[in-house]
Structures are given as C-alpha cells and as structure tokens.
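Participant: Have a look at this one.
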Amino acid sequence: MERTGALFGQFRDLEQQRETASLGMWVFLLTELMFFGGMFLVYTIYRMKYPLAFAEGSRELDVVKGGWNTAILIGSSFTMALAVRAAQMKKRRLLCIFLASTMILGGAFLGVKYLEYMQKFEHHLVPGPNFHMNVADAAQVQIFFSLYFAMTGMHALHMIIGEVMLLLLLIYSWKGKYTGGYFAPIENGGLYWHFVDIVWIFLFPLLYLVDLHR
Amino acid sequence: MSTTTASPAAAPSPPQPPREHYLNAGYGIRSWLFTTDHKRIALLWLISITFFFALGGFFALLIRLQLLTPQGWLFGPDTYNRLFTMHGIVMIFFFLIPAIPGVLGNFLIPLMIGAKDLAFPKLNLLSWYVFNIGALFTFYSIVTGGIDTGWTFYTPLSSIYSNSQVSVAVVGIFITGFSSILTGLNFIVTIHTMRAPGMTWWRLPIFVWAHYATSIIMVLGTPVVAITLALVAGDRLFHFGFFDPRLGGDPLLFQHLFWFYSHPAVYIMILPAMGVTTEIVATFARKNLFGYKFVAVASLAIAVIGFLVWAHHMFVAGISIYAAMAFSFLSYAVAIPSAVKVFNWTATLYRGSVSWQTPMLYALGFIGLFVMGGMTGLFLASLGADVHVHDTYFVVAHFHYIMVGGAVMGYLGGLHYWWPKISGRMYPEGLSRAAAIILFVGFNLTFFPQFVLGYLGMPRRYAMYPPEFQVLNVLSTAGASILGLGYILPIIYFVWSMRYGKVASSNPWPATGLEWQTTSPPPTENFETTPVVTWEPYDFEHRPDLGLPKPERAQPEQLEAPGLETGD
C-alpha cells in the first residue's frame, strides 16, 4: 500500500487515519487492562484469604522508595503530557526535551526498582527455596511476595518497553517527523505511558500500604 | 474489469481472469513474506493453518488407532496422554481459533466493507509472524517429548507434577495469544473506521458482525489466559506458588481463570463459522436473510453471555452449589441467541429457491451438526446430567460436534464459497460435493458412537477401556478414516483448481455482498474506486445487476430498483 506524506494508503484521509490510530490504541489498552486484571483478581482473592500474611509481607516493603517511585512516575506522566502538547504546537525542540525527560524519569523509576529488588534478594524475600521469614504463616507471605514480583515485574517490563518506545519517538521527533501536524504516534505513546503509570498508582497502595494505618 | 458496475451473469462470453490482481502483483518469496496486503496474508495463514490441521489430525489418527483394542496396542498410557494433549493444543490454539478469522476474516472483511485494507496492515502481518513464533515454541515442545497435562493445563499437575515440556508449550501459547489479540484489535478498529460510504452498521454482512463479536472475545479474553499461563510458568520456574496447595495457593483459581478465556474461546471458534453459514444460506436460498438484525445482535449476545458461563466446566470440581446453579442458568441462556440463529437460517430456507451446491451442503451440514452439538451442550449445562456424564466421551462427542461439525464445516464451507474469489478459479463441483457428503458421513460415524460410549460411562483421556466398549470404538475409528479421506480430498482439488480449475466470474453464485462486486481475484487495492453502498444486505429482489430471474410469486406493487452507484 502506497504512502503519501503522513497518509497511509489504506485510509481515505488524515482524519480517518487519526481516528483509527486512536481507537486502535484504546482497544490495545483494553487488552492490557484485562492482562493486568487477571493478576489483580488473583491479588484480591489471596488478600481476602490471607489478610494477616499480606499485612506481614507488606511491612517488609520499602514505603519510602515506593513513595519516591510514585512521585517520579507521576512526574514522568506530566512531562509526557507536555510532550504531546509540544507536538500539537509543532515545537520540535520542546517535544524532544520533554520526551527525553520522560525517559530519564522512567529510567530513575527502574533504577529505584532495581535497588528494591536487590534488597529483597538480600533479605531472602524472593519466592523459592531460599525464601525465609520468621513468621508462622511464611508460606502465605511467600504468595504475597510472588504477587509482588509478578505484578511489579510485569509493570517494570511494560516500563522497559515504554523506554524503548520513547527512544524511538525521540529519534523520529528529532528528525521532525511529528511536528508537521501529524503526531498520532506521540499521542498514542502518551496514552501507553499514562496507562503504565496508572497501573503503578494501583500497585503502590495495594502492595506497600496494606498495613500502614497501624 | 469495472469493479462496481459489473453485470457478470449478463455477459455471454466465458469469464476472463483480470489482467492484474493481488496474486500476480509480485513474485518471489519476498513479495509474500513482507507483504502487507490482507489478501496475501490470508493465504499465508491458510498455509500455517493447513499445516497445523494436518499435524493435529495426525495425532487424532494415532489416538483412534490406539483405541481400536480395549488394551491399547500401540502406545503406553504415558504416550497416550501426550497424544491427546497435543491433539487438543494443536487443534484449538493453532487451528480452530485462528482458522476462520485468519484466513477468511483477513481476506474478506476489508472486501465486505469496501476498504482497501485492514486498519493496520503491518500489525496484520506481525500477527502472522507472532503466530508462527509461538507455533515454533509449541512445535519444539512437541518434538522434544510433548506435554501430558491435557490441553487444559490443570494445576497442580501442570504447575508441580508434570515432567513434560509444559513451560515451553505454555510460552508458545502465550506468544500465540498475542497474535489472536492483534487480529481481534485489527478487526474491531477496521469495522469501526474503515467502512465505505453508505456501509452503515445495519448493512454489514453477518460475516462481519460475527467477526466483530469474535474480536471482542479475542481482545477481552486472550489477555486473561495469557497472564494465567504466565502464572503457571511462574509456578514452575520461580516457585511462585499461586496454584500450589502446599503454600496456600488454590488450584481451583486456575480453573476459573483458564475457563474465563477458554469457554468464550469456544465462541471464537463457532461464531465466525456461524457468520460463514449465514452468508451461504442467504446466497443459495436466494432470499433475503430472515431477521437480519436478530442474527446480527445474536452474535453479540453470544459473545457477551459467553463470558458469564465458564464455571459450567467445574460443576464437579468443588464449587459452591449456588454458584453452580447460576452458571447452569446462564449456560442455558446462551442457547437462546444460538437458537435464534438456527431458526433464522431455517426461516430463510423456507420458500427460498435452494440450490445444492457444495458450500450449501456444508452450511446445511453445519446447521444439523450444530443443533446436535448445541442440544447436547444443554444436557451438560444441567447440573444433574453433567454429574453423570462429566469427563466421559459424551463431553468429547459434544464438543467435537461443535468444533468439527460446526467450526470445521463452517471453515470448509467458507473456503469453497469464497474459493472463486480467493483463487479466481472454480473447484470441481462433483468431487467437492462428494467430499462434503463423505465428511458428513464420516463425521457422524466417528462421533455419534462417542455419545453412546459416554452415556454408558466410558471416561475420556484413558488409553484403555473395558472390552464391551470395543464395537463402538471400532465404529468411531472407522468413521475417522472416512473423515480423514473427506479432509484429504479438498486439499488435493483446491491445489489442482488453482491451475486447472474453470476461470471464475466476479460473482459466480451470484451473491449480494460487496466482495462479489470486484474482480476474481481482486486487485491489490480491492476496488478500483471506493464503492458507495446504496443497497440493503441480502436484498436479492432489488438487485437487477445480479441477473437473477424474477421471483415467481406475483409482486403486490412494482417496487423501484435502487440499482448500484459506482461512486465515480
């Protein structure tokens, strides 16, 4: 299918193309919602079944690091929103700056996450034969940590994919591809980034704040 | 060669193939492997699908051979476990789920709605590659020893005890799931945004409605089974313990998560076949589809209710009796839209001018076998009867009536019906009719005895059985060999017809859909100019361009034929 300028051959006009790209992204996010939804369901069931074990497990997590990460990620969503705005305003340099800052904040999040994971390994809180905790219901606490690693791990994987996506967007933006009126990829990239952010907004209280009110 | 004004039946000379079409738009392996043309991608799917159908059929053959004698004379129980597991995995994940959407959906949806291509052509190609990468993993797991858990991967057998290649197979199915998601996403967006001017929602062919409903299930269900299988892999590889009772994990939770996708997945297999059947029935009854809107909405209703019935697979697994009653009721409810479709097909046939061409034989076969499969499904949805026949051959027979009798019949019927459009050639009519009848006979001989076996209490998934069941098992194996012949014949004559078949006109049946308004085979851009739709779906009476004789019954008033507009 031939391509003329920003218009791909299968579309009649740019308006149809924009609508299509946007709808496609929303449907994709719906699939992502169902994907994470499976894990949230597992979390809900086991938390109802083993509330004490979840409280014990949650107390072992580093609320300060988690809190910082939450702030970092919300900040990155802000810069991403500004990047979309810059693309709309056709400001190439600004767009690149905001994309780069989103990337840096995302990288910072992953760095903090790495430190947290290291801590868990040192404290023998990683599920498996080396898991060790001096509580009566250690087995159920292990399920909490399995969920912790599965959910934050899947989230981190989405962050890494997001970083790669941002890098590509940055390269193309630098070449001026998205500041000529066609910026659907920036918009859709933004949607993805916000989605990953929102997943973390749910993960943080569900994992870190279970027992904080005491 | 005009795309939208052609009046093929009026042309006296034999049809000529168009000079340029999608098949000769490029030659060489690269022009196929890097194509973004939905029609070429559909043919890539056809090759993959056919390979896996043959592979799954080979396993089925070995299973039936083993069951010729009560003691089993070919394999031990362990090998037998692997055989039925791999038969299930290959047939479900690598044939039934992608078959009609991948081949016919890909080829036809853009043609039917008057678009140049799907909304995301590159994603479409990616979907095929993702499918094959996932298939490679699964294939690797098969050649390195196979899997013995059953296609359902029930925990804790799959997560703790099985020593077979579960992890690799699960990774393969996880990856293949994304192919399904991408295809579903592509179809939904395409149907929303790519319709030609005048192609309103209520003018969409039922085939498109069926694929829309199917895509909703693909998009909402597949991610859940993906994460579920990922958690099983996590249990195996990282000792997560989600489904490990020793840690407080709950194996039943796996069954809930698994069937939340895998029951709706049955509708992924059957809904497109229903769409195909609807098209064929209307065309070969030459009659407006009875209750178009009901048939269209019934597809969506099946998709929606289908998400709420999963626990009927678990009636004897220890779920609450009250939950079981709710799920039993909902499973009955899903029969309502299915019955709406059957009644509408029947009403369409009533007083139609029915012609008995091959696609129609498949469509009628579909209706009959689907009714059998559906009605026995109601036995299984009722709590009391299910406890009696649970995990017996009754269940096996039931879902083979739906999947082979329904989905495969629909797939083959559709392949015959649209073969002139796909290849530009006609298949041999006499031979293909014979094949359809052989299939029907072979199918019933294979699976009807299994209803009886199950009712008498023969459990599924055993390599041996008591001697009194031998007669019925031998009958079933005999039927399977007839069935096998019925599958080999179309493969042979389809390949033959690509070179030697009669050249097909652009609308050989004739049918009302937009896909028949372009050449056979269509050009790469599908239509020379964007078509404008001014007619209602399946409206044979007001389509003088089809060249049909006037219906015999007297018209109460002379209606003005709206005719067709070319848009140029």
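Following the order of the structure tokens, chains are lettered A, B, ..., residues in each are numbered from 1, and ligands are numbered from 1.
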Should the cut-off be 7 Å, what would the residue list for chain A against chain B look like, counting only C-alpha atoms, as a ChimeraX atom specification?
Facilitator: /A:10,16,20,23-24,27-28,31,34-35,38,127-128,139-140,143,146
Participant: Mind checking which residues fall within 12 Å of range 50-52 of chain A, counting only C-alpha atoms, ignoring those fewer than 6 positions away in the same chain, and posting them as a VMD selection string?
Facilitator: (chain A and resid 43 to 44 58 to 59 135 to 144 206 210 to 211) or (chain B and resid 247 to 249)
Participant: Set the distance at 6 Å and use only C-alpha atoms: which residues neighbour range 48-57 of chain B once local chain neighbours fewer than 3 positions away are removed? I'd like the list as an MDAnalysis selection string.
Facilitator: chainID B and resid 45 60 87 90:91 95
Participant: Quick one: DSSP alpha helix (DSSP H) residues in range 49-147 of chain A, as a VMD selection string?
Facilitator: chain A and resid 49 51 to 59 63 to 88 92 to 122 138 to 147
Participant: Identify, on the basis of only C-alpha atoms, every residue whose closest approach to Val112 in chain A does not exceed 7 Å; exclude the query and any residue fewer than 3 positions from it along the same chain; express the result as a list in words.
Facilitator: Lys65, Asn69, Ala108, Phe109, Leu115 and Glu116 of chain A
Participant: Could you please determine the separation between CA of Ala324 in chain B and CA of His388 in chain B in Å, to one decimal place?
Facilitator: 15.2 Å
Participant: Would you mind listing what lies within 9 Å of range 192-202 of chain A as a PDB file with N, CA and C atoms, in the first residue's frame, with only C-alpha atoms counted and same-chain residues fewer than 5 positions away left out?
Facilitator:
ATOM      1  N   MET A  25      -5.379   2.270  19.682  1.00  0.00           N
ATOM      2  CA  MET A  25      -4.635   2.364  20.947  1.00  0.00           C
ATOM      3  C   MET A  25      -5.539   2.082  22.139  1.00  0.00           C
ATOM      4  N   LEU A  29      -5.194  -0.778  24.939  1.00  0.00           N
ATOM      5  CA  LEU A  29      -5.139  -0.554  26.385  1.00  0.00           C
ATOM      6  C   LEU A  29      -6.177  -1.418  27.097  1.00  0.00           C
ATOM      7  N   GLU A  32      -4.653  -4.629  27.655  1.00  0.00           N
ATOM      8  CA  GLU A  32      -3.691  -4.511  28.755  1.00  0.00           C
ATOM      9  C   GLU A  32      -4.412  -4.546  30.106  1.00  0.00           C
ATOM     10  N   LEU A  33      -5.565  -3.880  30.121  1.00  0.00           N
ATOM     11  CA  LEU A  33      -6.368  -3.848  31.347  1.00  0.00           C
ATOM     12  C   LEU A  33      -6.757  -5.266  31.753  1.00  0.00           C
ATOM     13  N   PHE A  36      -3.514  -7.165  33.079  1.00  0.00           N
ATOM     14  CA  PHE A  36      -3.219  -6.881  34.480  1.00  0.00           C
ATOM     15  C   PHE A  36      -4.390  -7.297  35.360  1.00  0.00           C
ATOM     16  N   THR A  70       6.543   6.506  43.103  1.00  0.00           N
ATOM     17  CA  THR A  70       5.222   7.011  42.713  1.00  0.00           C
ATOM     18  C   THR A  70       5.341   8.454  42.242  1.00  0.00           C
ATOM     19  N   LEU A  73       7.051   8.686  38.871  1.00  0.00           N
ATOM     20  CA  LEU A  73       6.237   8.233  37.752  1.00  0.00           C
ATOM     21  C   LEU A  73       5.157   9.249  37.406  1.00  0.00           C
ATOM     22  N   ILE A  74       4.553   9.854  38.446  1.00  0.00           N
ATOM     23  CA  ILE A  74       3.554  10.894  38.168  1.00  0.00           C
ATOM     24  C   ILE A  74       4.231  12.060  37.451  1.00  0.00           C
ATOM     25  N   SER A  76       6.760  11.835  35.482  1.00  0.00           N
ATOM     26  CA  SER A  76       7.024  11.445  34.088  1.00  0.00           C
ATOM     27  C   SER A  76       5.752  11.544  33.254  1.00  0.00           C
ATOM     28  N   SER A  77       4.620  11.248  33.865  1.00  0.00           N
ATOM     29  CA  SER A  77       3.358  11.383  33.134  1.00  0.00           C
ATOM     30  C   SER A  77       3.118  12.846  32.784  1.00  0.00           C
ATOM     31  N   MET A  80       5.266  13.742  29.926  1.00  0.00           N
ATOM     32  CA  MET A  80       4.728  13.107  28.716  1.00  0.00           C
ATOM     33  C   MET A  80       3.562  13.927  28.168  1.00  0.00           C
ATOM     34  N   ALA A  81       2.693  14.385  29.086  1.00  0.00           N
ATOM     35  CA  ALA A  81       1.561  15.210  28.648  1.00  0.00           C
ATOM     36  C   ALA A  81       2.072  16.481  27.981  1.00  0.00           C
ATOM     37  N   THR A 152       4.812  -6.244  40.013  1.00  0.00           N
ATOM     38  CA  THR A 152       5.763  -5.163  39.739  1.00  0.00           C
ATOM     39  C   THR A 152       6.698  -5.562  38.603  1.00  0.00           C
ATOM     40  N   HIS A 155       4.894  -4.934  35.507  1.00  0.00           N
ATOM     41  CA  HIS A 155       4.844  -3.475  35.340  1.00  0.00           C
ATOM     42  C   HIS A 155       6.194  -2.952  34.848  1.00  0.00           C
ATOM     43  N   HIS A 158       6.678  -3.525  31.277  1.00  0.00           N
ATOM     44  CA  HIS A 158       5.973  -2.519  30.480  1.00  0.00           C
ATOM     45  C   HIS A 158       6.728  -1.196  30.474  1.00  0.00           C
ATOM     46  N   MET A 159       7.390  -0.874  31.599  1.00  0.00           N
ATOM     47  CA  MET A 159       8.195   0.353  31.642  1.00  0.00           C
ATOM     48  C   MET A 159       9.354   0.261  30.656  1.00  0.00           C
ATOM     49  N   GLY A 162       8.183   0.713  27.345  1.00  0.00           N
ATOM     50  CA  GLY A 162       7.890   2.137  27.200  1.00  0.00           C
ATOM     51  C   GLY A 162       9.142   2.952  26.931  1.00  0.00           C
ATOM     52  N   GLU A 187       0.832  10.903  20.555  1.00  0.00           N
ATOM     53  CA  GLU A 187      -0.397  10.818  21.349  1.00  0.00           C
ATOM     54  C   GLU A 187      -0.589   9.402  21.892  1.00  0.00           C
ATOM     55  N   LEU A 207       0.161  -2.893  47.362  1.00  0.00           N
ATOM     56  CA  LEU A 207       1.303  -3.677  47.808  1.00  0.00           C
ATOM     57  C   LEU A 207       2.004  -3.046  49.016  1.00  0.00           C
TER      58      LEU A 207
END
Participant: Got a sec: who's within 12 Å of Lys120 in chain A, counting only C-alpha atoms, leaving out chain neighbours fewer than 4 positions off, as a list in words?
Facilitator: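 Returned residues: Gly57, Glu60, Leu61, Asp62, Lys113, Tyr114, Leu115, Glu116, His124, Leu125, Val126, Pro127, Asn130, Phe131, His132, Met133, Gln142, Phe145, Ser146, Tyr148 and Phe149 of chain A.
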Participant: One number please: CA of Ser299 in chain B to CA of Leu271 in chain B, in Å, one decimal.
Facilitator: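 Going from CA of Ser299 in chain B over to CA of Leu271 in chain B covers 6.8 Å.
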Participant: Find, counting only C-alpha atoms, the residue in B:Pro466, B:Gly374, B:Gly414, B:Pro420 that gets nearest to Ile336 in chain B.
Facilitator: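 Checking each candidate against Ile336 in chain B, we get B:Gly374 as the closest.
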Participant: Of the residues B:Phe527, B:Trp496, B:Phe34, B:Tyr154, which is the one nearest to Ala317 in chain B, using only C-alpha atoms?
Facilitator: B:Tyr154
Participant: Which one of B:Ile491, B:Leu415, B:Ile142, B:Val532 sits closest to Thr200 in chain B if you count only C-alpha atoms?
Facilitator: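 Once distances to Thr200 in chain B are computed over only C-alpha atoms, the minimum belongs to B:Val532.
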Participant: Go ahead and compute the interatomic distance for CA of Ala463 in chain B and CA of Leu67 in chain B, in Å to one decimal.
Facilitator: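 These atoms are spaced 7.0 Å apart.
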